[in-house]
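Here's entry21.cif, which has mmCIF, C-alpha atoms:
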```cif
data_input
#
loop_
_atom_site.label_atom_id
_atom_site.label_comp_id
_atom_site.auth_asym_id
_atom_site.auth_seq_id
_atom_site.Cartn_x
_atom_site.Cartn_y
_atom_site.Cartn_z
CA MET A 1 0.00 0.00 0.00
CA ASN A 2 1.47 3.33 -1.10
CA VAL A 3 -1.03 5.76 0.40
CA ILE A 4 -0.05 7.66 3.55
CA TYR A 5 -2.60 7.77 6.35
CA PRO A 6 -2.36 11.07 8.29
CA LEU A 7 -3.06 9.41 11.66
CA ALA A 8 -0.06 7.11 11.14
CA VAL A 9 2.37 10.04 10.79
CA PRO A 10 4.10 11.00 14.08
CA LYS A 11 2.96 14.30 15.54
CA GLY A 12 5.06 17.24 14.42
CA ARG A 13 6.58 15.42 11.46
CA ARG A 14 5.90 16.89 8.01
CA LEU A 15 6.26 14.57 5.01
CA CYS A 16 7.08 16.39 1.75
CA CYS A 17 7.03 15.40 -1.90
CA GLU A 18 10.46 14.49 -3.24
CA VAL A 19 9.85 16.49 -6.43
CA CYS A 20 7.93 19.63 -5.42
CA ASP A 21 8.06 19.81 -1.58
CA ALA A 22 4.25 19.81 -1.36
CA PRO A 23 2.59 17.78 1.46
CA ALA A 24 3.03 14.10 0.68
CA GLU A 25 0.18 11.66 0.16
CA ARG A 26 2.06 8.62 -1.09
CA VAL A 27 5.18 6.66 -0.16
CA CYS A 28 7.44 4.44 -2.26
CA GLY A 29 6.48 0.87 -1.45
CA ALA A 30 9.99 -0.44 -2.16
CA CYS A 31 12.11 1.75 0.13
CA THR A 32 9.33 3.27 2.34
CA VAL A 33 11.49 6.37 2.96
CA THR A 34 10.59 8.49 -0.11
CA TYR A 35 7.36 10.48 -0.31
CA TYR A 36 5.31 12.09 -3.05
CA CYS A 37 2.34 14.41 -3.46
CA GLY A 38 0.71 12.10 -5.98
CA VAL A 39 1.10 9.43 -8.64
CA VAL A 40 2.38 11.85 -11.30
CA HIS A 41 5.46 12.92 -9.34
CA GLN A 42 6.08 9.39 -8.09
CA ARG A 43 6.20 8.06 -11.64
CA ALA A 44 8.34 11.00 -12.79
CA ASP A 45 10.89 10.41 -10.03
CA TRP A 46 10.94 6.66 -10.60
CA GLY A 47 11.57 7.04 -14.32
CA SER A 48 14.25 9.67 -13.75
CA ILE A 49 16.45 8.44 -10.89
CA HIS A 50 14.58 6.72 -8.07
CA GLU A 51 14.67 3.30 -9.71
CA LYS A 52 18.48 3.48 -9.66
CA ILE A 53 18.86 4.69 -6.05
CA CYS A 54 15.77 3.29 -4.31
CA GLN A 55 17.53 0.79 -2.04
CA LEU A 56 20.53 3.09 -1.55
CA LEU A 57 18.30 5.62 0.21
CA ILE A 58 17.24 3.30 3.03
CA PRO A 59 20.41 3.56 5.18
CA LEU A 60 20.52 7.32 4.59
CA ARG A 61 16.96 8.00 5.73
CA THR A 62 16.60 5.62 8.64
CA SER A 63 17.98 5.95 12.14
CA MET A 64 21.59 4.93 12.62
CA PRO A 65 22.05 1.67 14.57
CA PHE A 66 23.45 1.66 18.09
CA TYR A 67 27.24 1.41 18.19
CA ASN A 68 29.23 -0.04 21.06
CA SER A 69 32.11 2.41 20.75
CA GLU A 70 32.97 5.86 19.47
CA GLU A 71 35.26 4.28 16.87
CA GLU A 72 32.40 2.26 15.42
CA ARG A 73 30.17 5.32 15.40
CA GLN A 74 32.76 7.37 13.50
CA HIS A 75 33.20 4.52 11.03
CA GLY A 76 29.43 4.43 10.50
CA LEU A 77 29.33 8.19 9.89
CA GLN A 78 32.14 7.92 7.35
CA GLN A 79 30.31 5.18 5.47
CA LEU A 80 27.16 7.29 5.49
CA GLN A 81 29.02 10.25 4.04
CA GLN A 82 30.64 8.08 1.36
CA ARG A 83 27.21 6.81 0.31
CA GLN A 84 25.96 10.38 0.03
CA LYS A 85 28.95 11.42 -2.08
CA HIS A 86 28.39 8.42 -4.35
CA LEU A 87 24.75 9.43 -4.78
CA ILE A 88 25.76 13.03 -5.50
CA GLU A 89 27.90 11.93 -8.44
CA LEU A 90 25.41 9.32 -9.66
CA CYS A 91 22.45 11.73 -9.66
CA TYR A 92 24.55 14.49 -11.23
CA THR A 93 25.79 12.24 -14.06
CA VAL A 94 22.31 10.89 -14.77
CA ALA A 95 20.83 14.41 -14.85
CA GLN A 96 23.60 15.59 -17.18
CA LYS A 97 22.99 12.64 -19.50
CA TYR A 98 19.27 13.42 -19.69
CA ILE A 99 20.00 17.06 -20.56
CA PHE A 100 22.38 16.15 -23.37
CA GLU A 101 19.77 13.72 -24.69
CA GLY A 102 17.13 16.46 -24.63
CA LYS A 103 15.12 14.79 -21.83
CA HIS A 104 14.85 17.91 -19.68
CA GLU A 105 11.77 16.78 -17.75
CA ASP A 106 13.56 13.61 -16.65
CA ALA A 107 16.64 15.61 -15.63
CA VAL A 108 14.82 17.66 -12.98
CA PRO A 109 14.24 14.95 -10.31
CA ALA A 110 17.81 13.65 -10.65
CA ALA A 111 19.24 17.17 -10.36
CA LEU A 112 17.06 17.86 -7.29
CA HIS A 113 18.39 14.70 -5.62
CA SER A 114 21.95 15.80 -6.35
CA LEU A 115 21.22 19.23 -4.83
CA ARG A 116 19.73 17.76 -1.64
CA PHE A 117 22.61 15.35 -1.10
CA ARG A 118 25.08 18.21 -1.64
CA MET A 119 23.27 20.28 0.98
CA ASN A 120 23.43 17.40 3.45
CA VAL A 121 27.15 16.85 2.91
CA HIS A 122 28.48 20.37 2.28
CA GLY A 123 25.95 22.71 3.91
CA LEU A 124 23.56 25.31 2.51
CA SER A 125 26.11 27.90 1.36
CA SER A 126 28.87 25.72 -0.10
CA VAL A 127 30.13 26.29 -3.62
CA GLU A 128 29.61 22.54 -4.16
CA LEU A 129 25.90 23.33 -4.60
CA VAL A 130 26.58 25.35 -7.76
CA PRO A 131 26.81 22.42 -10.26
CA ALA A 132 23.37 21.19 -9.15
CA TYR A 133 21.86 24.69 -9.44
CA LEU A 134 23.29 24.95 -12.94
CA LEU A 135 21.83 21.59 -13.95
CA LEU A 136 18.41 22.71 -12.75
CA ALA A 137 18.80 25.98 -14.63
CA GLU A 138 19.73 24.19 -17.85
CA ALA A 139 16.81 21.78 -17.49
CA SER A 140 14.46 24.72 -16.88
CA LEU A 141 15.74 26.44 -20.03
CA GLY A 142 15.13 23.27 -21.99
CA LEU A 143 11.55 23.25 -20.72
CA GLY A 144 11.06 26.93 -21.64
CA ARG A 145 10.90 28.05 -18.00
CA VAL A 146 13.18 31.06 -18.33
CA VAL A 147 12.12 32.75 -15.07
CA GLN A 148 12.80 29.59 -13.05
CA ALA A 149 16.16 29.20 -14.80
CA GLU A 150 17.05 32.78 -13.80
CA GLU A 151 16.26 31.98 -10.17
CA TYR A 152 18.57 28.97 -10.13
CA LEU A 153 21.32 30.94 -11.88
CA SER A 154 20.94 33.79 -9.37
CA GLN A 155 21.44 31.32 -6.54
CA ALA A 156 24.50 29.90 -8.29
CA GLN A 157 25.98 33.36 -8.92
CA TRP A 158 25.42 34.46 -5.32
CA THR A 159 27.04 31.29 -3.99
CA VAL A 160 30.07 31.81 -6.25
CA LEU A 161 30.41 35.47 -5.20
CA LYS A 162 30.40 34.49 -1.51
CA SER A 163 33.01 31.79 -2.03
CA THR A 164 36.75 32.42 -1.92
CA GLU A 165 37.64 28.95 -3.22
CA CYS A 166 35.66 28.61 -6.42
CA SER A 167 37.46 26.58 -9.10
CA TYR A 168 37.92 27.54 -12.73
CA ALA A 169 35.75 24.56 -13.69
CA ILE A 170 32.75 25.92 -11.74
CA HIS A 171 33.28 29.41 -13.17
CA SER A 172 33.24 27.82 -16.63
CA LEU A 173 29.95 26.01 -15.99
CA LEU A 174 28.38 29.17 -14.55
CA HIS A 175 29.29 31.30 -17.56
CA ARG A 176 28.13 28.58 -19.97
CA ASN A 177 24.70 28.48 -18.40
CA LEU A 178 24.49 32.27 -18.30
CA GLY A 179 25.36 32.21 -22.00
CA LEU A 180 22.55 29.73 -22.65
CA LEU A 181 20.15 31.93 -20.66
CA TYR A 182 20.94 35.00 -22.74
CA MET A 183 20.68 32.94 -25.91
CA ALA A 184 17.16 31.95 -24.86
CA LYS A 185 16.41 35.64 -24.26
CA GLU A 186 17.96 36.50 -27.66
CA ASN A 187 20.50 38.82 -26.06
CA TYR A 188 23.38 37.57 -28.17
CA GLU A 189 25.88 40.22 -27.07
CA GLU A 190 25.67 39.09 -23.44
CA ALA A 191 25.57 35.46 -24.51
CA ARG A 192 28.82 35.86 -26.45
CA TYR A 193 30.46 37.55 -23.46
CA HIS A 194 29.58 34.70 -21.09
CA LEU A 195 30.48 31.95 -23.54
CA ALA A 196 33.84 33.58 -24.16
CA ASN A 197 34.38 33.53 -20.39
CA ASP A 198 33.29 29.89 -20.34
CA ILE A 199 36.00 29.03 -22.88
CA TYR A 200 38.58 31.07 -20.94
CA PHE A 201 37.90 29.40 -17.58
CA ALA A 202 37.61 25.91 -19.14
CA SER A 203 40.96 26.50 -20.86
CA CYS A 204 42.52 27.60 -17.56
CA ALA A 205 41.20 24.49 -15.82
CA PHE A 206 41.75 21.84 -18.48
CA GLY A 207 43.53 23.33 -21.49
CA THR A 208 42.36 24.94 -24.74
CA GLU A 209 42.16 21.60 -26.56
CA HIS A 210 40.34 19.68 -23.83
CA ILE A 211 36.90 18.17 -24.45
CA ARG A 212 35.58 20.10 -21.45
CA ALA A 213 36.11 23.32 -23.44
CA SER A 214 34.33 22.03 -26.55
CA GLY A 215 30.83 22.89 -25.29
CA GLY A 216 31.68 26.58 -25.06
CA TYR A 217 33.04 26.62 -28.63
CA PHE A 218 29.92 24.78 -29.82
CA HIS A 219 27.40 27.18 -28.27
CA LEU A 220 29.39 30.19 -29.49
CA ALA A 221 29.32 28.68 -32.98
CA ASN A 222 25.54 28.33 -32.72
CA ILE A 223 25.26 32.06 -31.99
CA PHE A 224 27.33 33.01 -35.03
CA ASN A 225 25.38 30.51 -37.13
CA GLY A 226 22.11 32.11 -36.05
CA LEU A 227 23.51 35.57 -36.85
CA LYS A 228 24.50 34.31 -40.34
CA LYS A 229 28.20 34.82 -39.64
CA LEU A 230 28.88 31.51 -41.27
CA ASP A 231 32.66 31.78 -41.56
CA LEU A 232 33.07 32.28 -37.80
CA ALA A 233 30.56 29.51 -37.08
CA ASP A 234 32.34 27.16 -39.47
CA THR A 235 35.70 27.82 -37.78
CA LEU A 236 34.28 27.05 -34.33
CA TYR A 237 32.43 23.92 -35.48
CA THR A 238 35.71 22.72 -36.97
CA LYS A 239 37.43 23.47 -33.66
CA VAL A 240 34.91 21.29 -31.77
CA SER A 241 35.37 18.47 -34.31
CA GLU A 242 39.14 18.65 -34.03
CA ILE A 243 39.03 18.53 -30.22
CA TRP A 244 36.95 15.35 -30.22
CA ASN A 245 38.98 13.87 -33.07
CA LYS A 246 42.20 14.36 -31.11
CA TYR A 247 40.71 12.96 -27.89
CA LEU A 248 39.30 9.82 -29.49
CA ASN A 249 42.38 9.23 -31.62
CA ASP A 250 44.72 9.58 -28.62
CA HIS A 251 42.50 7.35 -26.50
CA TYR A 252 42.34 4.69 -29.20
CA GLN A 253 46.13 4.71 -29.53
CA VAL A 254 46.46 4.18 -25.78
CA LEU A 255 44.03 1.25 -25.94
CA SER A 256 45.86 -0.23 -28.93
CA GLN A 257 49.18 -0.01 -27.13
CA ALA A 258 47.69 -1.64 -24.04
CA ARG A 259 46.26 -4.42 -26.22
CA ILE A 260 49.68 -5.12 -27.72
CA GLN A 261 51.33 -5.27 -24.31
CA GLN A 262 48.55 -7.31 -22.70
CA ILE A 263 49.20 -11.04 -22.37
CA ASP A 264 45.98 -12.86 -21.56
CA LEU A 265 46.50 -16.59 -21.20
CA LEU A 266 42.78 -17.18 -20.75
CA GLY A 267 42.00 -15.76 -24.16
CA LYS A 268 39.64 -13.12 -22.78
CA ARG A 269 38.34 -10.77 -25.43
CA PHE A 270 40.00 -7.37 -25.36
CA GLU A 271 37.43 -4.63 -24.88
CA THR A 272 37.68 -0.99 -25.83
CA ASP A 273 36.17 1.98 -24.04
CA THR A 274 35.66 5.69 -24.60
CA GLY A 275 37.21 6.77 -21.31
CA LEU A 276 34.10 8.89 -20.76
CA ASP A 277 31.21 8.62 -18.34
CA GLU A 278 27.64 8.32 -19.66
CA ALA A 279 27.03 12.08 -19.52
CA GLN A 280 30.19 12.86 -21.49
CA GLU A 281 29.29 10.24 -24.09
CA ALA A 282 25.84 11.81 -24.44
CA GLU A 283 27.45 15.26 -24.78
CA ALA A 284 29.79 13.99 -27.51
CA ILE A 285 26.89 12.45 -29.42
CA GLN A 286 24.84 15.65 -29.10
CA LEU A 287 27.64 17.97 -30.24
CA LEU A 288 28.89 15.83 -33.11
CA THR A 289 25.41 14.91 -34.37
CA SER A 290 24.39 18.58 -34.38
CA ILE A 291 27.54 19.52 -36.29
CA LEU A 292 26.93 16.62 -38.71
CA ASN A 293 23.42 17.92 -39.46
CA ILE A 294 24.83 21.37 -40.15
CA ARG A 295 27.61 19.93 -42.33
CA GLU A 296 25.16 17.80 -44.30
CA SER A 297 23.05 20.88 -45.08
CA THR A 298 26.12 22.48 -46.67
CA SER A 299 27.89 19.33 -47.86
CA ASN A 300 27.84 20.50 -51.50
CA LYS A 301 30.30 23.27 -50.52
CA ALA A 302 32.72 21.27 -48.38
CA PRO A 303 31.96 17.51 -48.42
CA GLN A 304 35.30 16.71 -46.74
CA LYS A 305 34.07 18.43 -43.58
CA THR A 306 31.05 16.14 -43.47
CA ILE A 307 33.29 13.12 -43.92
CA PHE A 308 35.54 14.34 -41.12
CA VAL A 309 32.62 14.50 -38.65
CA LEU A 310 31.37 11.09 -39.80
CA LYS A 311 34.83 9.69 -39.16
CA ILE A 312 34.79 11.00 -35.58
CA LEU A 313 31.31 9.61 -34.97
CA PHE A 314 32.43 6.28 -36.37
CA MET A 315 35.24 6.08 -33.83
CA LEU A 316 33.00 7.22 -30.95
CA TYR A 317 30.35 4.60 -31.67
CA PHE A 318 32.98 1.97 -32.34
CA LEU A 319 34.52 2.51 -28.92
CA MET A 320 31.12 2.60 -27.25
CA MET A 321 29.94 -0.65 -28.88
CA ASN A 322 33.01 -2.58 -27.82
CA SER A 323 32.83 -1.28 -24.28
CA SER A 324 31.59 -3.51 -21.48
CA LYS A 325 29.05 -0.75 -20.79
CA ALA A 326 27.25 -1.67 -24.03
CA SER A 327 25.84 -4.74 -22.31
CA SER A 328 23.43 -2.60 -20.29
CA PRO A 329 19.86 -2.50 -21.62
CA ARG A 330 19.89 1.24 -22.16
CA LYS A 331 23.03 1.10 -24.30
CA ALA A 332 21.90 -2.03 -26.15
CA ALA A 333 18.65 -0.30 -27.08
CA SER A 334 20.56 2.23 -29.18
CA LEU A 335 22.80 -0.24 -31.03
CA LYS A 336 20.65 0.01 -34.15
CA GLN A 337 21.17 3.76 -34.16
CA ARG A 338 24.93 3.24 -33.94
CA GLU A 339 24.94 0.71 -36.76
CA LYS A 340 23.76 3.45 -39.11
CA PHE A 341 27.12 5.09 -38.70
CA LEU A 342 28.99 1.85 -39.23
CA TRP A 343 27.34 1.04 -42.56
CA LEU A 344 28.81 4.08 -44.20
CA ASP A 345 29.86 4.72 -47.73
CA SER A 346 33.16 3.00 -48.51
CA ALA A 347 34.81 6.35 -49.23
CA VAL A 348 33.97 7.56 -45.73
CA LEU A 349 35.27 4.37 -44.17
CA SER A 350 38.45 4.58 -46.20
CA SER A 351 39.01 7.90 -44.49
CA CYS A 352 38.19 6.26 -41.14
CA THR A 353 40.91 3.65 -41.61
CA SER A 354 43.57 6.33 -41.42
CA PHE A 355 42.08 7.21 -38.06
CA CYS A 356 41.59 3.63 -36.92
CA PRO A 357 43.98 1.42 -38.93
CA GLN A 358 43.52 -1.59 -36.62
CA SER A 359 39.73 -1.49 -36.66
CA LYS A 360 39.25 -4.67 -38.69
CA PRO A 361 40.70 -7.18 -36.22
CA LEU A 362 38.96 -5.50 -33.32
CA LEU A 363 35.63 -5.45 -35.09
CA GLN A 364 35.92 -9.12 -36.02
CA LYS A 365 36.70 -10.03 -32.42
CA SER A 366 33.64 -8.22 -31.08
CA SER A 367 30.73 -10.41 -30.09
CA ASP A 368 28.49 -7.53 -28.90
CA THR A 369 27.03 -6.83 -32.35
CA HIS A 370 26.56 -8.46 -35.73
CA ASP A 371 29.65 -9.10 -37.85
CA ILE A 372 30.39 -5.70 -39.28
CA SER A 373 33.81 -6.35 -40.79
CA PRO A 374 32.40 -6.24 -44.36
CA VAL A 375 31.83 -2.49 -44.02
CA LEU A 376 35.59 -1.90 -44.18
CA SER A 377 36.81 -0.87 -47.57
CA PRO A 378 39.30 -2.98 -49.53
CA THR A 379 42.08 -0.57 -48.56
CA ALA A 380 41.41 -1.38 -44.90
CA GLN A 381 41.62 -5.08 -45.58
#
```

Representation of the structure as structure tokens:
Amino acid sequence: MNVIYPLAVPKGRRLCCEVCDAPAERVCGACTVTYYCGVVHQRADWGSIHEKICQLLIPLRTSMPFYNSEEERQHGLQQLQQRQKHLIELCYTVAQKYIFEGKHEDAVPAALHSLRFRMNVHGLSSVELVPAYLLLAEASLGLGRVVQAEEYLSQAQWTVLKSTECSYAIHSLLHRNLGLLYMAKENYEEARYHLANDIYFASCAFGTEHIRASGGYFHLANIFNGLKKLDLADTLYTKVSEIWNKYLNDHYQVLSQARIQQIDLLGKRFETDTGLDEAQEAEAIQLLTSILNIRESTSNKAPQKTIFVLKILFMLYFLMMNSSKASSPRKAASLKQREKFLWLDSAVLSSCTSFCPQSKPLLQKSSDTHDISPVLSPTAQ
């Protein structure tokens, strides 16, 4: 039974909805420690993040057991804090992934969970709350709720201004979201200012050629594209493509070298990986697919640029398919979408072989998908 009976609630205790903070009327029947105002928010939270963290919430929201010594109590508190930090990262990554996939409604409950866990661990005024505020702002923008996005961004800005230890990475995220806000308000001058600052701070934190800086270049390119300054937009789209090309190429070379040096007497299949978490993979797909669509619309002018983006997408999907992560249902569900990039024109794949010269033996060894070795051109064989 999921309905809450008011007489069963202890006096003075207020049960609130996990999604909207309204008075709760229902409880999750699986964990019995999460409450909702109704069926709609319960289903929304379950589909977003609760299914993944349901059982993990029980030790966090129930009374701590009695410990025989202070040492045991401190150990229990440390474990509790580690669980909360794990949930912070899990909820944050899931929310990010939803945003990059365009599922802004699903991102909100996960981002709210991340914010609450951050408050519990770091306090109400810590700069560690800023990434969660920014996620909520970006999700609100995606849903067209500009006023709500401004409120979250104001909270993030105020927290950053009060902090004396705010990292370049957080400054970068703040300016990126402010840039997106002004883009939504069609104030492109302010948007360009904040996105330029995003690129600056991301470059200070990670380097000018790091994938963490590529988002700023991409959004700045979108502004110039919308203003019909196509040469500037084209330069920035190329910059984003080159950043991801370099990352994936370098990562593949590292994996290839490790494969050569690895001696596996059991004959275990060597598996590749992107080196990215799920949110970063979703961001890469979003950026590169958007650039591909733009390139295809102008492919008659510069077809080599379209081929270049296809080559990068080929490598990204290739690494994702051969990853152990591809065994999860969510990844397996999109394998058909990835196969579209594998069955490319032979001219495109000939270009890919210069990027991935050892792709044939790896593809033939993969058992995660159908045999796709025939897609390689004769030059690759």

Selection dump of the PyMOL selection byres ((chain A and resi 118) around 10), as a PyMOL selection string: chain A and resi 84-85+87-89+112-117+119-124+126-132

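What the PyMOL selection byres ((chain A and resi 30) around 8) matches in the given file is Cys28, Gly29, Cys31, Thr32, Cys54 and Gln55 of chain A.
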
Output of the PyMOL selection byres ((chain A and resi 219-230) around 12), listed as a PyMOL selection string: chain A and resi 175-184+186-199+213-218+231-241+286-287+290-291+294-295+298

Polymer residues at most 9 Å from Ile4 in chain A, all atoms listed in the file, same-chain spacing of 6 or more positions, as a list in words: Ala24, Glu25, Arg26, Val27 and Tyr35 of chain A

Can you list, as a PDB file with C-alpha atoms, in the coordinates of the input, every protein, DNA or RNA residue that comes within 9 Å of Glu278 in chain A when you count only C-alpha atoms, leaving out same-chain residues fewer than 3 positions away?
```pdb
ATOM      1  CA  THR A  93      25.790  12.240 -14.060  1.00  0.00           C
ATOM      2  CA  VAL A  94      22.310  10.890 -14.770  1.00  0.00           C
ATOM      3  CA  GLN A  96      23.600  15.590 -17.180  1.00  0.00           C
ATOM      4  CA  LYS A  97      22.990  12.640 -19.500  1.00  0.00           C
ATOM      5  CA  GLU A 281      29.290  10.240 -24.090  1.00  0.00           C
ATOM      6  CA  ALA A 282      25.840  11.810 -24.440  1.00  0.00           C
ATOM      7  CA  GLU A 283      27.450  15.260 -24.780  1.00  0.00           C
TER       8      GLU A 283
END
```

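The gap separating CA of Tyr152 in chain A from CA of His171 in chain A is 15.0 Å, in Å to one decimal.
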
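Close contacts of Arg83 in chain A, defined as residues with an atom at most 10 Å away when counting only C-alpha atoms, with chain neighbours fewer than 3 positions off set aside, comprise Leu56, Leu57, Pro59, Leu60, Leu77, Gln78, Gln79, Leu80, His86, Leu87, Ile88 and Phe117 of chain A.
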
Coordinates-based distance that separates CA of Ser125 in chain A from CA of Gln82 in chain A (Å, one decimal): 20.3 Å

10 Å contact set for Cys20 in chain A, all atoms listed in the file, chain neighbours under 6 positions out, as a list of chain:residue names: A:Tyr36, A:Cys37, A:His41, A:Pro109, A:Leu112

Please produce an output containing C-alpha atoms for each residue in the selection, written as an mmCIF file, in the coordinates of the input.
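again.cif, written as the output of this step:
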```
data_model
loop_
_atom_site.group_PDB
_atom_site.id
_atom_site.type_symbol
_atom_site.label_atom_id
_atom_site.label_comp_id
_atom_site.auth_asym_id
_atom_site.auth_seq_id
_atom_site.Cartn_x
_atom_site.Cartn_y
_atom_site.Cartn_z
ATOM 1 C CA TYR A 36 5.310 12.090 -3.050
ATOM 2 C CA CYS A 37 2.340 14.410 -3.460
ATOM 3 C CA HIS A 41 5.460 12.920 -9.340
ATOM 4 C CA PRO A 109 14.240 14.950 -10.310
ATOM 5 C CA LEU A 112 17.060 17.860 -7.290
#
```

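Within 7 Å of the file-frame point (5.3, 17.5, 4.7), and using only C-alpha atoms, the polymer residues found are A:Arg14, A:Leu15, A:Cys16, A:Ala22, A:Pro23, A:Ala24.
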
Store the residues picked out above in a file with C-alpha atoms, as a PDB file, in the coordinates of the input.
```
ATOM      1  CA  ARG A  14       5.900  16.890   8.010  1.00  0.00           C
ATOM      2  CA  LEU A  15       6.260  14.570   5.010  1.00  0.00           C
ATOM      3  CA  CYS A  16       7.080  16.390   1.750  1.00  0.00           C
ATOM      4  CA  ALA A  22       4.250  19.810  -1.360  1.00  0.00           C
ATOM      5  CA  PRO A  23       2.590  17.780   1.460  1.00  0.00           C
ATOM      6  CA  ALA A  24       3.030  14.100   0.680  1.00  0.00           C
TER       7      ALA A  24
END
```

Pick from A:Asp45, A:Glu18, A:Asp273, A:Glu72, whichever lies nearest to Glu105 in chain A using all atoms listed in the file: A:Asp45
